[in-house]
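S.K.: Coordinates in upload-v4.pdb, PDB, C-alpha atoms, are listed below.
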```
ATOM      1  CA  MET A  34     -14.521 -80.461 -23.464
ATOM      2  CA  ALA A  35     -13.333 -82.429 -20.414
ATOM      3  CA  SER A  36     -16.116 -83.744 -18.235
ATOM      4  CA  GLN A  37     -16.170 -85.359 -14.803
ATOM      5  CA  ASP A  38     -18.090 -88.290 -16.247
ATOM      6  CA  TRP A  39     -14.914 -89.287 -18.117
ATOM      7  CA  LEU A  40     -13.756 -90.665 -14.771
ATOM      8  CA  GLU A  41     -16.558 -93.209 -14.888
ATOM      9  CA  LYS A  42     -15.953 -94.322 -18.483
ATOM     10  CA  ASP A  43     -12.980 -96.439 -19.520
ATOM     11  CA  PHE A  44     -12.887 -95.746 -23.251
ATOM     12  CA  TYR A  45      -9.937 -98.096 -23.737
ATOM     13  CA  GLN A  46     -11.902-100.947 -22.182
ATOM     14  CA  ILE A  47     -14.990-100.086 -24.236
ATOM     15  CA  LEU A  48     -12.966-100.456 -27.446
ATOM     16  CA  GLY A  49     -10.982-103.415 -26.115
ATOM     17  CA  VAL A  50      -7.560-101.816 -26.615
ATOM     18  CA  SER A  51      -4.563-101.027 -24.417
ATOM     19  CA  LYS A  52      -3.691 -97.509 -23.279
ATOM     20  CA  ASP A  53      -0.668 -97.395 -25.598
ATOM     21  CA  VAL A  54      -2.654 -98.426 -28.684
ATOM     22  CA  SER A  55      -1.470 -96.808 -31.912
ATOM     23  CA  ASP A  56      -3.740 -94.623 -34.044
ATOM     24  CA  ALA A  57      -3.800 -97.276 -36.790
ATOM     25  CA  GLU A  58      -4.765-100.098 -34.426
ATOM     26  CA  LEU A  59      -7.346 -97.863 -32.740
ATOM     27  CA  LYS A  60      -9.000 -97.106 -36.068
ATOM     28  CA  LYS A  61      -8.905-100.782 -37.093
ATOM     29  CA  LYS A  62     -10.537-101.874 -33.841
ATOM     30  CA  TYR A  63     -13.192 -99.146 -34.043
ATOM     31  CA  ARG A  64     -14.141-100.048 -37.619
ATOM     32  CA  LYS A  65     -14.512-103.708 -36.654
ATOM     33  CA  LEU A  66     -16.796-102.863 -33.724
ATOM     34  CA  ALA A  67     -18.721-100.258 -35.738
ATOM     35  CA  ARG A  68     -19.491-102.822 -38.438
ATOM     36  CA  GLU A  69     -20.613-105.324 -35.796
ATOM     37  CA  TYR A  70     -22.922-102.982 -33.879
ATOM     38  CA  HIS A  71     -24.027-100.520 -36.589
ATOM     39  CA  PRO A  72     -27.817 -99.998 -36.489
ATOM     40  CA  ASP A  73     -28.036-100.943 -40.174
ATOM     41  CA  SER A  74     -26.528-104.336 -39.329
ATOM     42  CA  LYS A  75     -28.841-104.951 -36.384
ATOM     43  CA  PRO A  76     -32.129-103.133 -37.090
ATOM     44  CA  GLY A  77     -34.354-102.867 -34.033
ATOM     45  CA  ASP A  78     -31.665-104.071 -31.627
ATOM     46  CA  THR A  79     -31.640-101.370 -28.944
ATOM     47  CA  ALA A  80     -28.727-102.970 -27.092
ATOM     48  CA  ALA A  81     -26.607-102.905 -30.248
ATOM     49  CA  GLU A  82     -27.608 -99.310 -30.883
ATOM     50  CA  ALA A  83     -26.554 -98.326 -27.366
ATOM     51  CA  LYS A  84     -23.263-100.179 -27.794
ATOM     52  CA  PHE A  85     -22.669 -98.422 -31.125
ATOM     53  CA  LYS A  86     -23.166 -95.028 -29.471
ATOM     54  CA  GLU A  87     -20.815 -96.047 -26.661
ATOM     55  CA  ILE A  88     -17.976 -97.119 -28.980
ATOM     56  CA  SER A  89     -18.513 -94.050 -31.161
ATOM     57  CA  GLU A  90     -18.120 -91.785 -28.126
ATOM     58  CA  ALA A  91     -14.992 -93.659 -27.038
ATOM     59  CA  TYR A  92     -13.425 -93.431 -30.494
ATOM     60  CA  SER A  93     -14.406 -89.766 -30.781
ATOM     61  CA  VAL A  94     -12.277 -88.968 -27.740
ATOM     62  CA  LEU A  95      -9.337 -91.343 -28.251
ATOM     63  CA  SER A  96      -8.893 -90.556 -31.953
ATOM     64  CA  ASP A  97      -8.419 -86.845 -31.201
ATOM     65  CA  PRO A  98      -4.855 -86.286 -29.856
ATOM     66  CA  GLU A  99      -5.847 -83.320 -27.694
ATOM     67  CA  GLN A 100      -8.917 -84.978 -26.228
ATOM     68  CA  ARG A 101      -7.027 -88.236 -25.672
ATOM     69  CA  SER A 102      -4.271 -86.421 -23.786
ATOM     70  CA  GLU A 103      -6.818 -84.548 -21.673
ATOM     71  CA  TYR A 104      -8.746 -87.768 -21.014
ATOM     72  CA  ASP A 105      -5.584 -89.630 -19.957
ATOM     73  CA  GLN A 106      -4.609 -86.797 -17.594
ATOM     74  CA  ILE A 107      -8.043 -86.694 -15.982
ATOM     75  CA  ARG A 108      -8.162 -90.482 -15.612
ATOM     76  CA  ALA A 109      -4.641 -90.552 -14.151
ATOM     77  CA  MET A 110      -5.537 -87.783 -11.702
ATOM     78  CA  GLY A 111      -8.771 -89.444 -10.715
ATOM     79  CA  MET A 112      -7.266 -92.925 -10.329
ATOM     80  CA  GLY A 113      -3.712 -92.126  -9.193
ATOM     81  CA  SER A 114      -2.001 -92.140  -5.821
ATOM     82  CA  ALA A 115      -4.099 -89.239  -4.517
ATOM     83  CA  ARG A 116      -7.182 -91.452  -4.888
ATOM     84  CA  PHE A 117      -9.397 -88.664  -6.166
ATOM     85  CA  THR A 118     -11.766 -91.187  -7.719
ATOM     86  CA  ALA A 119     -15.436 -90.805  -8.589
ATOM     87  CA  GLY A 120     -16.604 -92.151  -5.290
ATOM     88  CA  GLY A 121     -13.121 -92.423  -3.785
ATOM     89  CA  GLN A 122     -11.997 -94.575  -0.920
ATOM     90  CA  GLY A 123     -14.221 -94.700   2.106
ATOM     91  CA  GLY A 124     -17.126 -93.198   0.139
ATOM     92  CA  GLN A 125     -15.374 -89.905  -0.648
ATOM     93  CA  GLY A 126     -15.682 -88.388  -4.100
ATOM     94  CA  PHE A 127     -14.510 -85.103  -5.605
ATOM     95  CA  GLU A 128     -17.228 -83.066  -3.934
ATOM     96  CA  ASP A 129     -16.569 -84.610  -0.505
ATOM     97  CA  ILE A 130     -12.797 -84.073  -0.690
ATOM     98  CA  PHE A 131     -12.918 -80.513  -1.995
ATOM     99  CA  GLY A 132     -15.900 -79.696   0.220
ATOM    100  CA  GLY A 133     -13.666 -80.366   3.217
ATOM    101  CA  MET A 134     -10.965 -78.066   1.817
ATOM    102  CA  PHE A 135     -13.072 -75.111   0.844
ATOM    103  CA  GLY A 136     -16.441 -75.558   2.541
ATOM    104  CA  GLY A 137     -15.300 -74.839   6.116
ATOM    105  CA  GLY A 138     -15.788 -78.451   7.231
ATOM    106  CA  GLY A 139     -18.974 -80.036   8.447
ATOM    107  CA  GLY A 140     -19.891 -81.527   5.057
ATOM    108  CA  GLY A 141     -19.566 -78.312   3.047
ATOM    109  CA  ARG A 142     -19.408 -78.603  -0.735
ATOM    110  CA  ALA A 143     -16.818 -77.061  -3.056
ATOM    111  CA  GLN A 144     -18.617 -75.133  -5.746
ATOM    112  CA  TYR A 145     -16.171 -75.709  -8.581
ATOM    113  CA  ASN A 146     -17.321 -76.296 -12.126
ATOM    114  CA  PHE A 147     -15.171 -78.859 -13.948
ATOM    115  CA  GLN A 148     -16.870 -78.341 -17.300
ATOM    116  CA  GLN A 149     -17.009 -74.585 -17.771
ATOM    117  CA  GLY A 150     -14.802 -71.725 -16.684
ATOM    118  CA  GLY A 151     -12.042 -73.878 -15.195
ATOM    119  CA  GLY A 152     -10.377 -77.277 -15.228
ATOM    120  CA  TYR A 153      -8.400 -79.641 -13.071
ATOM    121  CA  ASP A 154      -5.124 -77.857 -13.852
ATOM    122  CA  ASP A 155      -6.560 -74.581 -12.472
ATOM    123  CA  LEU A 156      -7.717 -76.217  -9.275
ATOM    124  CA  PHE A 157      -4.599 -78.243  -8.492
ATOM    125  CA  GLY A 158      -2.325 -75.440  -9.674
ATOM    126  CA  GLY A 159      -3.840 -73.192  -7.017
ATOM    127  CA  LEU A 160      -3.540 -75.864  -4.331
ATOM    128  CA  PHE A 161      -0.066 -77.227  -4.991
ATOM    129  CA  GLY A 162       1.538 -74.927  -7.544
ATOM    130  CA  GLY A 163       2.977 -72.449  -5.058
ATOM    131  CA  GLY A 164       0.693 -69.497  -5.571
ATOM    132  CA  ALA A 165      -2.296 -68.158  -7.480
ATOM    133  CA  ARG A 166      -2.354 -68.301 -11.260
ATOM    134  CA  ALA A 167      -3.145 -65.419 -13.534
ATOM    135  CA  PRO A 168      -6.690 -65.476 -14.929
ATOM    136  CA  ARG A 169      -6.905 -67.157 -18.322
ATOM    137  CA  GLY A 170      -9.541 -64.841 -19.670
ATOM    138  CA  PRO A 171     -12.923 -65.732 -21.120
ATOM    139  CA  GLN A 172     -13.369 -69.439 -21.727
ATOM    140  CA  PRO A 173     -14.869 -70.834 -24.947
ATOM    141  CA  GLY A 174     -18.235 -72.504 -24.910
ATOM    142  CA  ARG A 175     -18.466 -76.268 -24.846
ATOM    143  CA  ASP A 176     -18.298 -78.307 -28.033
ATOM    144  CA  ILE A 177     -21.367 -80.201 -29.180
ATOM    145  CA  LYS A 178     -21.159 -83.754 -30.497
ATOM    146  CA  ALA A 179     -23.484 -84.677 -33.338
ATOM    147  CA  SER A 180     -23.747 -87.472 -35.893
ATOM    148  CA  THR A 181     -25.327 -88.062 -39.276
ATOM    149  CA  THR A 182     -25.794 -91.173 -41.412
ATOM    150  CA  LEU A 183     -25.353 -90.994 -45.180
ATOM    151  CA  ASP A 184     -25.973 -93.519 -47.910
ATOM    152  CA  PHE A 185     -22.857 -94.824 -49.642
ATOM    153  CA  GLU A 186     -23.118 -92.799 -52.846
ATOM    154  CA  THR A 187     -23.849 -89.537 -51.006
ATOM    155  CA  ALA A 188     -20.716 -90.061 -48.910
ATOM    156  CA  VAL A 189     -18.650 -90.614 -52.049
ATOM    157  CA  ARG A 190     -20.101 -87.619 -53.918
ATOM    158  CA  GLY A 191     -20.458 -85.216 -50.967
ATOM    159  CA  ASN A 192     -23.529 -83.313 -49.809
ATOM    160  CA  THR A 193     -24.846 -80.694 -47.386
ATOM    161  CA  VAL A 194     -26.724 -81.631 -44.219
ATOM    162  CA  THR A 195     -28.684 -79.429 -41.802
ATOM    163  CA  LEU A 196     -28.164 -79.642 -38.052
ATOM    164  CA  GLN A 197     -30.089 -78.065 -35.201
ATOM    165  CA  ALA A 198     -27.672 -76.124 -32.956
ATOM    166  CA  PRO A 199     -28.114 -73.614 -30.098
ATOM    167  CA  SER A 200     -27.700 -70.825 -32.636
ATOM    168  CA  GLY A 201     -30.386 -72.325 -34.884
ATOM    169  CA  GLN A 202     -30.144 -74.441 -38.001
ATOM    170  CA  VAL A 203     -26.606 -74.966 -39.293
ATOM    171  CA  LYS A 204     -25.781 -76.212 -42.773
ATOM    172  CA  VAL A 205     -22.687 -78.434 -42.878
ATOM    173  CA  LYS A 206     -20.938 -79.281 -46.113
ATOM    174  CA  ILE A 207     -19.910 -82.929 -46.256
ATOM    175  CA  PRO A 208     -16.823 -83.204 -48.483
ATOM    176  CA  ALA A 209     -16.690 -85.760 -51.282
ATOM    177  CA  GLY A 210     -15.069 -89.002 -50.234
ATOM    178  CA  VAL A 211     -15.905 -88.750 -46.531
ATOM    179  CA  ALA A 212     -15.219 -92.043 -44.761
ATOM    180  CA  ASP A 213     -17.272 -93.903 -42.176
ATOM    181  CA  GLY A 214     -16.413 -92.599 -38.707
ATOM    182  CA  GLN A 215     -14.780 -89.414 -40.019
ATOM    183  CA  LYS A 216     -15.264 -86.258 -37.956
ATOM    184  CA  ILE A 217     -16.017 -82.786 -39.296
ATOM    185  CA  LYS A 218     -15.500 -79.729 -37.095
ATOM    186  CA  VAL A 219     -17.878 -76.795 -37.520
ATOM    187  CA  ARG A 220     -16.222 -73.899 -35.747
ATOM    188  CA  GLY A 221     -18.186 -71.465 -33.603
ATOM    189  CA  LYS A 222     -21.520 -73.269 -33.804
ATOM    190  CA  GLY A 223     -21.407 -75.028 -30.431
ATOM    191  CA  GLU A 224     -22.594 -73.772 -27.065
ATOM    192  CA  PRO A 225     -22.051 -70.084 -26.232
ATOM    193  CA  SER A 226     -19.349 -69.119 -23.738
ATOM    194  CA  PRO A 227     -20.537 -68.521 -20.171
ATOM    195  CA  ASP A 228     -18.334 -65.422 -19.800
ATOM    196  CA  GLY A 229     -18.142 -63.717 -23.176
ATOM    197  CA  GLY A 230     -15.591 -65.957 -24.861
ATOM    198  CA  PRO A 231     -15.931 -67.615 -28.279
ATOM    199  CA  ASN A 232     -18.589 -70.217 -28.961
ATOM    200  CA  GLY A 233     -17.684 -73.869 -28.899
ATOM    201  CA  ASP A 234     -17.627 -76.022 -32.013
ATOM    202  CA  ILE A 235     -19.812 -78.773 -33.426
ATOM    203  CA  ILE A 236     -17.972 -82.085 -33.820
ATOM    204  CA  LEU A 237     -19.944 -84.024 -36.431
ATOM    205  CA  THR A 238     -19.296 -87.760 -36.815
ATOM    206  CA  VAL A 239     -20.308 -89.203 -40.180
ATOM    207  CA  HIS A 240     -21.609 -92.760 -40.488
ATOM    208  CA  VAL A 241     -21.910 -94.373 -43.923
ATOM    209  CA  ARG A 242     -24.368 -97.117 -44.846
ATOM    210  CA  LYS A 243     -23.058-100.164 -46.647
ATOM    211  CA  HIS A 244     -23.605-100.538 -50.406
ATOM    212  CA  PRO A 245     -24.900-103.836 -51.818
ATOM    213  CA  VAL A 246     -22.217-103.886 -54.547
ATOM    214  CA  PHE A 247     -19.374-101.464 -53.831
ATOM    215  CA  GLU A 248     -16.899-101.203 -50.945
ATOM    216  CA  ARG A 249     -14.419 -98.435 -50.100
ATOM    217  CA  ASP A 250     -10.705 -99.198 -50.239
ATOM    218  CA  GLY A 251      -9.154 -95.815 -49.563
ATOM    219  CA  GLN A 252      -9.707 -93.807 -52.735
ATOM    220  CA  ASN A 253     -10.619 -96.946 -54.683
ATOM    221  CA  LEU A 254     -13.945 -98.746 -55.009
ATOM    222  CA  ARG A 255     -14.094-102.537 -55.005
ATOM    223  CA  LEU A 256     -16.639-105.019 -56.297
ATOM    224  CA  THR A 257     -16.840-108.749 -57.008
ATOM    225  CA  LEU A 258     -17.247-109.532 -60.717
ATOM    226  CA  PRO A 259     -18.828-112.929 -61.519
ATOM    227  CA  VAL A 260     -17.814-114.478 -64.852
ATOM    228  CA  THR A 261     -18.763-117.792 -66.444
ATOM    229  CA  PHE A 262     -16.349-120.685 -66.775
ATOM    230  CA  SER A 263     -16.117-120.239 -70.521
ATOM    231  CA  GLU A 264     -15.541-116.461 -70.174
ATOM    232  CA  ALA A 265     -12.682-117.099 -67.783
ATOM    233  CA  VAL A 266     -11.122-119.824 -69.957
ATOM    234  CA  LEU A 267     -11.656-118.359 -73.417
ATOM    235  CA  GLY A 268     -11.737-114.653 -72.567
ATOM    236  CA  ALA A 269     -14.562-112.168 -73.063
ATOM    237  CA  THR A 270     -15.616-108.528 -72.831
ATOM    238  CA  VAL A 271     -18.150-107.940 -70.059
ATOM    239  CA  GLU A 272     -20.054-105.007 -68.582
ATOM    240  CA  VAL A 273     -19.104-103.735 -65.138
ATOM    241  CA  PRO A 274     -21.311-101.348 -63.105
ATOM    242  CA  THR A 275     -19.950 -98.023 -61.869
ATOM    243  CA  LEU A 276     -21.175 -96.010 -58.894
ATOM    244  CA  GLY A 277     -23.902 -93.652 -60.092
ATOM    245  CA  GLY A 278     -22.903 -93.951 -63.755
ATOM    246  CA  ASP A 279     -23.251 -96.119 -66.849
ATOM    247  CA  PRO A 280     -21.600 -99.549 -66.976
ATOM    248  CA  VAL A 281     -18.169 -99.802 -68.606
ATOM    249  CA  LYS A 282     -16.702-102.520 -70.804
ATOM    250  CA  LEU A 283     -13.961-104.651 -69.264
ATOM    251  CA  LYS A 284     -11.869-107.221 -71.124
ATOM    252  CA  ILE A 285     -11.366-110.612 -69.513
ATOM    253  CA  GLN A 286      -8.162-112.191 -70.768
ATOM    254  CA  PRO A 287      -8.205-115.928 -71.641
ATOM    255  CA  GLY A 288      -7.210-118.062 -68.662
ATOM    256  CA  THR A 289      -8.241-115.524 -66.018
ATOM    257  CA  PRO A 290      -8.498-117.239 -62.595
ATOM    258  CA  SER A 291     -10.775-116.416 -59.683
ATOM    259  CA  GLY A 292      -9.285-113.765 -57.429
ATOM    260  CA  ARG A 293      -7.560-111.764 -60.138
ATOM    261  CA  VAL A 294      -8.213-108.032 -59.715
ATOM    262  CA  LEU A 295      -8.908-105.953 -62.818
ATOM    263  CA  ARG A 296      -8.639-102.165 -62.700
ATOM    264  CA  VAL A 297     -10.866 -99.522 -64.288
ATOM    265  CA  LYS A 298      -8.982 -96.220 -64.115
ATOM    266  CA  GLY A 299     -10.650 -93.116 -62.709
ATOM    267  CA  ARG A 300     -13.921 -94.753 -61.590
ATOM    268  CA  GLY A 301     -13.213 -94.670 -57.855
ATOM    269  CA  VAL A 302     -13.687 -91.978 -55.209
ATOM    270  CA  GLN A 303     -13.083 -88.356 -56.210
ATOM    271  CA  SER A 304     -11.889 -86.127 -53.368
ATOM    272  CA  SER A 305      -9.318 -83.483 -52.534
ATOM    273  CA  LYS A 306      -6.771 -86.295 -52.313
ATOM    274  CA  GLY A 307      -7.305 -87.264 -55.954
ATOM    275  CA  THR A 308      -9.362 -89.827 -57.861
ATOM    276  CA  GLY A 309      -9.211 -93.544 -57.231
ATOM    277  CA  ASP A 310      -9.955 -96.522 -59.466
ATOM    278  CA  LEU A 311     -12.595 -99.231 -59.647
ATOM    279  CA  LEU A 312     -11.151-102.620 -58.699
ATOM    280  CA  ALA A 313     -13.081-105.647 -59.974
ATOM    281  CA  GLU A 314     -12.172-108.997 -58.401
ATOM    282  CA  VAL A 315     -12.974-111.875 -60.755
ATOM    283  CA  GLN A 316     -15.049-114.732 -59.377
ATOM    284  CA  VAL A 317     -15.590-117.705 -61.680
ATOM    285  CA  ALA A 318     -19.201-118.840 -61.360
ATOM    286  CA  VAL A 319     -19.565-122.637 -61.364
ATOM    287  CA  PRO A 320     -22.928-123.747 -62.817
ATOM    288  CA  SER A 321     -25.020-125.862 -60.465
ATOM    289  CA  HIS A 322     -27.152-127.392 -63.264
ATOM    290  CA  LEU A 323     -25.957-128.649 -66.637
ATOM    291  CA  SER A 324     -27.822-130.137 -69.564
ATOM    292  CA  ASP A 325     -26.815-133.572 -70.813
ATOM    293  CA  GLU A 326     -25.183-131.943 -73.844
ATOM    294  CA  ALA A 327     -23.158-129.616 -71.639
ATOM    295  CA  LYS A 328     -22.029-132.527 -69.469
ATOM    296  CA  GLU A 329     -20.919-134.467 -72.523
ATOM    297  CA  ALA A 330     -18.996-131.453 -73.798
ATOM    298  CA  LEU A 331     -17.243-131.054 -70.442
ATOM    299  CA  GLU A 332     -16.396-134.768 -70.333
ATOM    300  CA  ALA A 333     -14.833-134.420 -73.768
ATOM    301  CA  PHE A 334     -12.948-131.329 -72.574
ATOM    302  CA  ARG A 335     -11.657-133.166 -69.495
ATOM    303  CA  ALA A 336     -10.341-135.943 -71.687
ATOM    304  CA  LEU A 337      -8.338-133.360 -73.648
ATOM    305  CA  GLU A 338      -6.955-131.532 -70.592
ATOM    306  CA  PRO A 339      -3.187-131.726 -69.961
ATOM    307  CA  ASP A 340      -2.265-134.670 -67.761
ATOM    308  CA  GLU A 341      -1.119-132.657 -64.772
ATOM    309  CA  ASN A 342      -2.276-132.210 -61.178
ATOM    310  CA  PRO A 343      -2.769-128.526 -60.264
ATOM    311  CA  ARG A 344      -2.465-129.487 -56.575
ATOM    312  CA  ALA A 345       0.872-131.249 -56.869
ATOM    313  CA  ASP A 346       2.858-128.221 -55.705
ATOM    314  CA  LEU A 347       0.409-127.668 -52.839
ATOM    315  CA  LEU A 348       0.858-131.252 -51.615
ATOM    316  CA  ALA A 349       4.640-131.037 -51.906
ATOM    317  CA  ARG A 350       4.851-127.772 -49.959
ATOM    318  CA  ALA A 351       2.551-129.169 -47.261
ATOM    319  CA  LYS A 352       5.019-132.014 -46.634
ATOM    320  CA  GLY A 353       7.840-129.469 -46.268
TER     321      GLY A 353
END
```
Produce structure tokens that represent the structure in this file.
M.R.:
Amino acid sequence: MASQDWLEKDFYQILGVSKDVSDAELKKKYRKLAREYHPDSKPGDTAAEAKFKEISEAYSVLSDPEQRSEYDQIRAMGMGSARFTAGGQGGQGFEDIFGGMFGGGGGGRAQYNFQQGGGYDDLFGGLFGGGARAPRGPQPGRDIKASTTLDFETAVRGNTVTLQAPSGQVKVKIPAGVADGQKIKVRGKGEPSPDGGPNGDIILTVHVRKHPVFERDGQNLRLTLPVTFSEAVLGATVEVPTLGGDPVKLKIQPGTPSGRVLRVKGRGVQSSKGTGDLLAEVQVAVPSHLSDEAKEALEAFRALEPDENPRADLLARAKG
């Protein structure tokens, strides 16, 4: 899967991370950038679309341990002390350097394919490894990168998509609970081998559109649940929507504040990892318009409130 054009692309710089970034930080950074530049967030913005493709390619390589290791080795070789850079010092690139070694001088070119049938380790092993290496046998075909965008509910429930591959149309089963940015490998459906080896694979990256109500939190689904002032103070039973199903009844306890999270068991994401819950975060809705009668009732309520300042502890802690 290694390609000479990796030398010209600094995937770490594209994602704005260091070379020793952890997997968790890499994923966090990618998700932040993906949300910022996703085509659904910036419809019609070709620059954002190009940036989204660029960060997706970078994450595709760096999130795969094998590809990341191969990428680091190629970059180190191309930018290390030997100065085998894409363009090199004094205008020399890979073809110029190796052309001088194998082309008999006078501007000859080395006919060595870095993408199929051989890699950098083969070439440098033969030059500096102290002897010829045994043939590795037929090489697999190259992998193909593809992507698909699903709506939120389809990603949660799972589905089957059809891709166009060199071997024809390929149906790919998307598992339930697939996450935004997740990769699915379809073995043997990539490019054919140039010398009789196995076919490459398809590496499918899944993008998920945002939902107007629900958000993913691992196996759980989250939503914001507005309640009235009186419902929060006195308590109530309210209806809460579920993804693709009928609403459920949820009890609001008297004195429930904004920010409290209520749980509905078993109404989250169902996948091979189990079934999550629906998490409803209460948000007390403050009315912007009140009738004269309502204002009078609230004034009477305020007169009956306990004589205490709810911000007293906040002010004391601020003073230290």
S.K.: Which residue gives the smallest distance to A:Lys65 among A:Thr187, A:Asp213, A:Asp176, A:Glu90, with all atoms listed in the file counted?
M.R.: A:Asp213
S.K.: Take atom CA of A:Pro171 and atom CA of A:Gly221 and report the distance between them in Å, one decimal.
M.R.: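 Going from atom CA of A:Pro171 over to atom CA of A:Gly221, I get 14.7 Å.
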S.K.: Starting from the displayed file, determine the output of the PyMOL selection byres ((chain A and resi 185) around 8) and express the residue list as a list in words.
M.R.: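 With the PyMOL selection byres ((chain A and resi 185) around 8) on this model, the match is Leu183, Asp184, Glu186, Thr187, Ala188, Val189, Val241, Arg242, Lys243 and His244 of chain A.
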S.K.: Kindly give the distance, in Å, that separates atom CA of A:Pro173 and atom CA of A:Ile236, rounded to a single decimal.
M.R.: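 Going from atom CA of A:Pro173 over to atom CA of A:Ile236 covers 14.7 Å.
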S.K.: When you count all atoms listed in the file, which of these residues is closest to A:Pro287: A:Glu58, A:Glu272, A:Glu314, A:Glu264?
M.R.: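 Using all atoms listed in the file, the shortest distance to A:Pro287 belongs to A:Glu264.
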S.K.: I'd like to know which of A:Val239, A:Val50, A:Leu258, A:Val302 is closest to A:Gly277, using all atoms listed in the file.
M.R.: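 Smallest separation from A:Gly277 among the options: A:Val302.
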S.K.: Can you measure atom CA of A:Gly268 to atom CA of A:His322 for me? One decimal in Å is fine.
M.R.: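 Here the two named atoms are 22.1 Å from each other.
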S.K.: Could you give me, as a VMD selection string, the residues that have an atom at most 10 Å away from the point (-0.9, -95.4, -20.3) in the coordinates of the file, using only C-alpha atoms?
M.R.: chain A and resid 51 to 54 105 to 106 108 to 109
S.K.: Restrict the selected residues to C-alpha atoms and save them as a tab-separated table (two decimals), in the coordinates of the input.
M.R.:
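Output below, filename part-v9.tsv:
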```tsv
chain	number	residue	atom	x	y	z
A	51	SER	CA	-4.56	-101.03	-24.42
A	52	LYS	CA	-3.69	-97.51	-23.28
A	53	ASP	CA	-0.67	-97.40	-25.60
A	54	VAL	CA	-2.65	-98.43	-28.68
A	105	ASP	CA	-5.58	-89.63	-19.96
A	106	GLN	CA	-4.61	-86.80	-17.59
A	108	ARG	CA	-8.16	-90.48	-15.61
A	109	ALA	CA	-4.64	-90.55	-14.15
```
S.K.: So which residues get picked by the PyMOL selection byres ((chain A and resi 245-250) around 9) here, written as a ChimeraX atom specification?
M.R.: /A:185,212,243-244,251-257,274-276,301-302
S.K.: So what does the PyMOL selection byres ((chain A and resi 269) around 8) actually pick up in this one, as a PDB file with C-alpha atoms, in the frame of the given file?
M.R.:
```pdb
ATOM      1  CA  GLU A 264     -15.541-116.461 -70.174  1.00  0.00           C
ATOM      2  CA  ALA A 265     -12.682-117.099 -67.783  1.00  0.00           C
ATOM      3  CA  LEU A 267     -11.656-118.359 -73.417  1.00  0.00           C
ATOM      4  CA  GLY A 268     -11.737-114.653 -72.567  1.00  0.00           C
ATOM      5  CA  THR A 270     -15.616-108.528 -72.831  1.00  0.00           C
ATOM      6  CA  VAL A 271     -18.150-107.940 -70.059  1.00  0.00           C
ATOM      7  CA  LYS A 284     -11.869-107.221 -71.124  1.00  0.00           C
ATOM      8  CA  ILE A 285     -11.366-110.612 -69.513  1.00  0.00           C
ATOM      9  CA  GLN A 286      -8.162-112.191 -70.768  1.00  0.00           C
ATOM     10  CA  PRO A 287      -8.205-115.928 -71.641  1.00  0.00           C
TER      11      PRO A 287
END
```
S.K.: Residues near A:Ala318, anyone? I mean within 9 Å using all atoms listed in the file, not counting same-chain ones fewer than 3 positions away, as a PyMOL selection string.
M.R.: chain A and resi 259-262+291
S.K.: How would the residues just chosen look if you wrote them out with C-alpha atoms as a PDB file, in the coordinates of the input?
M.R.:
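Generated file (result-v4.pdb):
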```
ATOM      1  CA  PRO A 259     -18.828-112.929 -61.519  1.00  0.00           C
ATOM      2  CA  VAL A 260     -17.814-114.478 -64.852  1.00  0.00           C
ATOM      3  CA  THR A 261     -18.763-117.792 -66.444  1.00  0.00           C
ATOM      4  CA  PHE A 262     -16.349-120.685 -66.775  1.00  0.00           C
ATOM      5  CA  SER A 291     -10.775-116.416 -59.683  1.00  0.00           C
TER       6      SER A 291
END
```
S.K.: Of the candidates A:Gln215, A:Gln202, A:Asn232, A:Ser89, which shows the shortest atom-to-atom distance to A:Ile177, using all atoms listed in the file?
M.R.: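 Using all atoms listed in the file, the shortest distance to A:Ile177 belongs to A:Asn232.
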S.K.: List the neighbours of A:Gln303 out to 8 Å using all atoms listed in the file; skip same-chain residues closer than 4 positions along the sequence, and give me the result as number ranges by chain.
M.R.: A: 189-190, 209-210, 252, 307-309
S.K.: Give me the residues within 12 Å of A:Gly230 as a PDB file with C-alpha atoms, keeping the file's coordinate frame, counting all atoms listed in the file and dropping any in the same chain fewer than 2 places off.
M.R.:
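Final output, saved to selection-v1.pdb:
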```pdb
ATOM      1  CA  GLN A 149     -17.009 -74.585 -17.771  1.00  0.00           C
ATOM      2  CA  GLY A 150     -14.802 -71.725 -16.684  1.00  0.00           C
ATOM      3  CA  ARG A 169      -6.905 -67.157 -18.322  1.00  0.00           C
ATOM      4  CA  GLY A 170      -9.541 -64.841 -19.670  1.00  0.00           C
ATOM      5  CA  PRO A 171     -12.923 -65.732 -21.120  1.00  0.00           C
ATOM      6  CA  GLN A 172     -13.369 -69.439 -21.727  1.00  0.00           C
ATOM      7  CA  PRO A 173     -14.869 -70.834 -24.947  1.00  0.00           C
ATOM      8  CA  GLY A 174     -18.235 -72.504 -24.910  1.00  0.00           C
ATOM      9  CA  ARG A 175     -18.466 -76.268 -24.846  1.00  0.00           C
ATOM     10  CA  GLY A 221     -18.186 -71.465 -33.603  1.00  0.00           C
ATOM     11  CA  GLU A 224     -22.594 -73.772 -27.065  1.00  0.00           C
ATOM     12  CA  PRO A 225     -22.051 -70.084 -26.232  1.00  0.00           C
ATOM     13  CA  SER A 226     -19.349 -69.119 -23.738  1.00  0.00           C
ATOM     14  CA  PRO A 227     -20.537 -68.521 -20.171  1.00  0.00           C
ATOM     15  CA  ASP A 228     -18.334 -65.422 -19.800  1.00  0.00           C
ATOM     16  CA  ASN A 232     -18.589 -70.217 -28.961  1.00  0.00           C
ATOM     17  CA  GLY A 233     -17.684 -73.869 -28.899  1.00  0.00           C
TER      18      GLY A 233
END
```
S.K.: Using all atoms listed in the file, can you list as a list in words the residues within 7 Å of (-23.6, -78.8, -42.2)?
M.R.: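 The residues near that point, listed by chain and number, are Thr193, Val194, Thr195, Leu196, Val203, Lys204, Val205, Lys206 and Ile207 of chain A.
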